[in-house]
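J.: Sending over a structure as structure tokens; questions will come in a sec.
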Amino acid sequence: MNTVQYAAEIVKELQRSVALISEEKAQEFADRIRNARKVFVAGAGRSGLMGKAFAMRLMHMGIDAYVIGETITPGIGPDDLLIVGSGSGETQSLVAMARKAKQLGALVGAVFIRPESSLAGLSDFGVEVPAATKDQTQDQAVTIQPMGSLFEQTLLILYDAVILKLMEQTDQDSGQMFGNHANLE
């Protein structure tokens with residue numbers, strides 16, 4: 001296969017994965033964000049990078065959004081929301097974060113592959129993404145891509161789709177969001 005053929009196959013995988021996401025769960029995800037006082041986003045590795053991109057877009061919308069682990073991240077508490085993206089749902093630092101957020105009165109939302117995972121069990125709501133975990137064990141979506149790439153890409157697409165839904169619900173457009181874009185560059 002040449003590079004463009006690989007790209008086309010990745011797009012096909014993404015179409016299959018996205019088509020299996022529950023609209024009801026995705027809608028709840030958007031609703032919970034809209035009703036939160038502050039939104040905190042967490043993930044490890046590439047999933048964490050997708051979370052950072054999501055937090056940036058939330059900020060562009062005027063939502064108080066923070067990335068866990070950054071130096072300017074405030075404390076979490078009641079009426080706040082922690083969103084965690086984790087394919088396996090077993091990354092111990094993220095599971096511990098979710099437990100702590102719940103102890104402090106925050107809601108926890110998760111995006112995961114395995115609904116039986118520890119993170120899914122701790123979450124107040126979640127979205128299952130049909131993809132392969134990085135160890136690519138049996139009974140998961142088939143992918144030509146290495147490790148958790150399909151999950152991470154689908155995660156970013158889901159996050160961007162939630163942004164579009166929030167834009168629709170709050171009657172915002174890209175021009176309005178651009179007003180919150182960095183301007184010191």
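By order of appearance in the structure tokens: chains A, B, ..., then residues from 1 within every chain, and ligands from 1 in the order shown.
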Counting only C-alpha atoms, what is within 9 Å of Ile10 of chain A, bar same-chain residues fewer than 6 positions away, as number ranges by chain?

T.: A: 143-145, 150

J.: I need the chosen residues saved as a tab-separated table (two decimals), in the first residue's frame, with C-alpha atoms.

T.:
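Listed below is the output, out_21.tsv:
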chain	number	residue	atom	x	y	z
A	143	THR	CA	-7.38	-1.86	12.68
A	144	ILE	CA	-4.28	-1.71	10.52
A	145	GLN	CA	-2.93	1.01	12.80
A	150	LEU	CA	-7.77	4.29	16.21

J.: Could you state the separation of atom CA of Arg37 of chain A and atom CA of Asp64 of chain A in Å, given to one decimal place?

T.: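 Distance between the two atoms: 7.3 Å.
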
J.: Within 10 Å of segment 77-84 of chain A, which residues of segment 111-176 of chain A show up? Give each one with its shortest atom-to-atom distance in Å (one decimal) and the two atoms involved, counting only C-alpha atoms, rows by chain then rising residue number, as a Markdown table.

T.:
| residue | atom | partner | partner_atom | distance |
| --- | --- | --- | --- | --- |
| A:Val111 | CA | A:Val84 | CA | 6.3 |
| A:Phe112 | CA | A:Val84 | CA | 8.5 |
| A:Leu119 | CA | A:Val84 | CA | 8.4 |
| A:Ala120 | CA | A:Val84 | CA | 9.8 |
| A:Ser123 | CA | A:Val84 | CA | 9.1 |
| A:Asp124 | CA | A:Leu81 | CA | 9.9 |
| A:Phe125 | CA | A:Ile83 | CA | 9.7 |
| A:Gly126 | CA | A:Ile83 | CA | 9.0 |

J.: Just the selected residues (N, CA and C atoms), exported as a short mmCIF file (atom, residue, chain, number, x, y, z; two decimals), in the first residue's frame, please.

T.:
data_model
loop_
_atom_site.label_atom_id
_atom_site.label_comp_id
_atom_site.auth_asym_id
_atom_site.auth_seq_id
_atom_site.Cartn_x
_atom_site.Cartn_y
_atom_site.Cartn_z
N VAL A 111 -14.36 8.69 28.42
CA VAL A 111 -14.42 8.11 27.09
C VAL A 111 -13.46 6.94 27.11
N PHE A 112 -13.95 5.76 26.73
CA PHE A 112 -13.20 4.53 26.92
C PHE A 112 -13.58 3.51 25.87
N LEU A 119 -12.27 2.71 35.19
CA LEU A 119 -12.64 4.10 34.94
C LEU A 119 -14.12 4.21 34.56
N ALA A 120 -14.59 3.34 33.71
CA ALA A 120 -16.01 3.36 33.33
C ALA A 120 -16.89 3.15 34.56
N SER A 123 -17.20 6.35 36.66
CA SER A 123 -17.74 7.52 35.97
C SER A 123 -19.24 7.70 36.21
N ASP A 124 -19.65 8.95 36.25
CA ASP A 124 -21.07 9.28 36.35
C ASP A 124 -21.75 9.12 34.99
N PHE A 125 -20.99 9.25 33.93
CA PHE A 125 -21.48 9.02 32.57
C PHE A 125 -20.26 8.74 31.70
N GLY A 126 -20.50 8.14 30.56
CA GLY A 126 -19.38 7.84 29.69
C GLY A 126 -19.81 7.55 28.27
#

J.: In segment 102-169 of chain A, what's strand (DSSP E or B) per DSSP? Answer as a list of chain:residue names?

T.: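 So the strand (DSSP E or B) residues in segment 102-169 of chain A would be A:Leu107, A:Val108, A:Gly109, A:Ala110, A:Val111, A:Phe112, A:Phe125, A:Gly126, A:Val127, A:Glu128.
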
J.: Can I get the selected residues back with N, CA, C and O atoms, as a PDB file, in the first residue's frame?

T.:
ATOM      1  N   LEU A 107     -18.319  15.763  39.186  1.00  0.00           N
ATOM      2  CA  LEU A 107     -18.788  14.683  38.321  1.00  0.00           C
ATOM      3  C   LEU A 107     -17.620  14.190  37.476  1.00  0.00           C
ATOM      4  O   LEU A 107     -16.702  14.955  37.173  1.00  0.00           O
ATOM      5  N   VAL A 108     -17.688  12.923  37.097  1.00  0.00           N
ATOM      6  CA  VAL A 108     -16.650  12.344  36.247  1.00  0.00           C
ATOM      7  C   VAL A 108     -17.302  11.767  35.008  1.00  0.00           C
ATOM      8  O   VAL A 108     -18.249  10.987  35.091  1.00  0.00           O
ATOM      9  N   GLY A 109     -16.788  12.205  33.851  1.00  0.00           N
ATOM     10  CA  GLY A 109     -17.197  11.643  32.576  1.00  0.00           C
ATOM     11  C   GLY A 109     -15.991  10.991  31.935  1.00  0.00           C
ATOM     12  O   GLY A 109     -14.868  11.476  32.096  1.00  0.00           O
ATOM     13  N   ALA A 110     -16.211   9.891  31.240  1.00  0.00           N
ATOM     14  CA  ALA A 110     -15.083   9.186  30.640  1.00  0.00           C
ATOM     15  C   ALA A 110     -15.402   8.769  29.217  1.00  0.00           C
ATOM     16  O   ALA A 110     -16.552   8.527  28.865  1.00  0.00           O
ATOM     17  N   VAL A 111     -14.356   8.689  28.424  1.00  0.00           N
ATOM     18  CA  VAL A 111     -14.424   8.114  27.090  1.00  0.00           C
ATOM     19  C   VAL A 111     -13.457   6.942  27.109  1.00  0.00           C
ATOM     20  O   VAL A 111     -12.293   7.104  27.486  1.00  0.00           O
ATOM     21  N   PHE A 112     -13.954   5.764  26.734  1.00  0.00           N
ATOM     22  CA  PHE A 112     -13.197   4.530  26.924  1.00  0.00           C
ATOM     23  C   PHE A 112     -13.575   3.505  25.869  1.00  0.00           C
ATOM     24  O   PHE A 112     -14.561   3.668  25.154  1.00  0.00           O
ATOM     25  N   PHE A 125     -20.991   9.246  33.934  1.00  0.00           N
ATOM     26  CA  PHE A 125     -21.479   9.024  32.570  1.00  0.00           C
ATOM     27  C   PHE A 125     -20.264   8.744  31.697  1.00  0.00           C
ATOM     28  O   PHE A 125     -19.132   9.045  32.069  1.00  0.00           O
ATOM     29  N   GLY A 126     -20.497   8.142  30.560  1.00  0.00           N
ATOM     30  CA  GLY A 126     -19.378   7.836  29.691  1.00  0.00           C
ATOM     31  C   GLY A 126     -19.806   7.549  28.273  1.00  0.00           C
ATOM     32  O   GLY A 126     -20.981   7.320  27.990  1.00  0.00           O
ATOM     33  N   VAL A 127     -18.824   7.572  27.396  1.00  0.00           N
ATOM     34  CA  VAL A 127     -19.029   7.266  25.992  1.00  0.00           C
ATOM     35  C   VAL A 127     -18.074   6.147  25.622  1.00  0.00           C
ATOM     36  O   VAL A 127     -16.855   6.286  25.788  1.00  0.00           O
ATOM     37  N   GLU A 128     -18.643   5.058  25.136  1.00  0.00           N
ATOM     38  CA  GLU A 128     -17.822   3.936  24.676  1.00  0.00           C
ATOM     39  C   GLU A 128     -17.430   4.174  23.231  1.00  0.00           C
ATOM     40  O   GLU A 128     -18.266   4.500  22.385  1.00  0.00           O
TER      41      GLU A 128
END

J.: Which polymer residues have any atom within 8 Å of an atom of segment 48-59 of chain A, counting only C-alpha atoms, with same-chain residues fewer than 3 positions away left out, as a PyMOL selection string?

T.: chain A and resi 40-45+62-67+84-85+152+155-156+159-160+163+180

J.: So the first atom is atom CA of His60 of chain A and the second is atom CA of Met177 of chain A; what is the distance between them in Å, to one decimal place?

T.: 5.0 Å

J.: Go through segment 14-172 of chain A and collect every residue that DSSP, computed from the backbone, puts in helix (DSSP H, G or I); the answer should be as a PyMOL selection string.

T.: chain A and resi 14-19+23-35+45-60+92-103+118-122+149-169
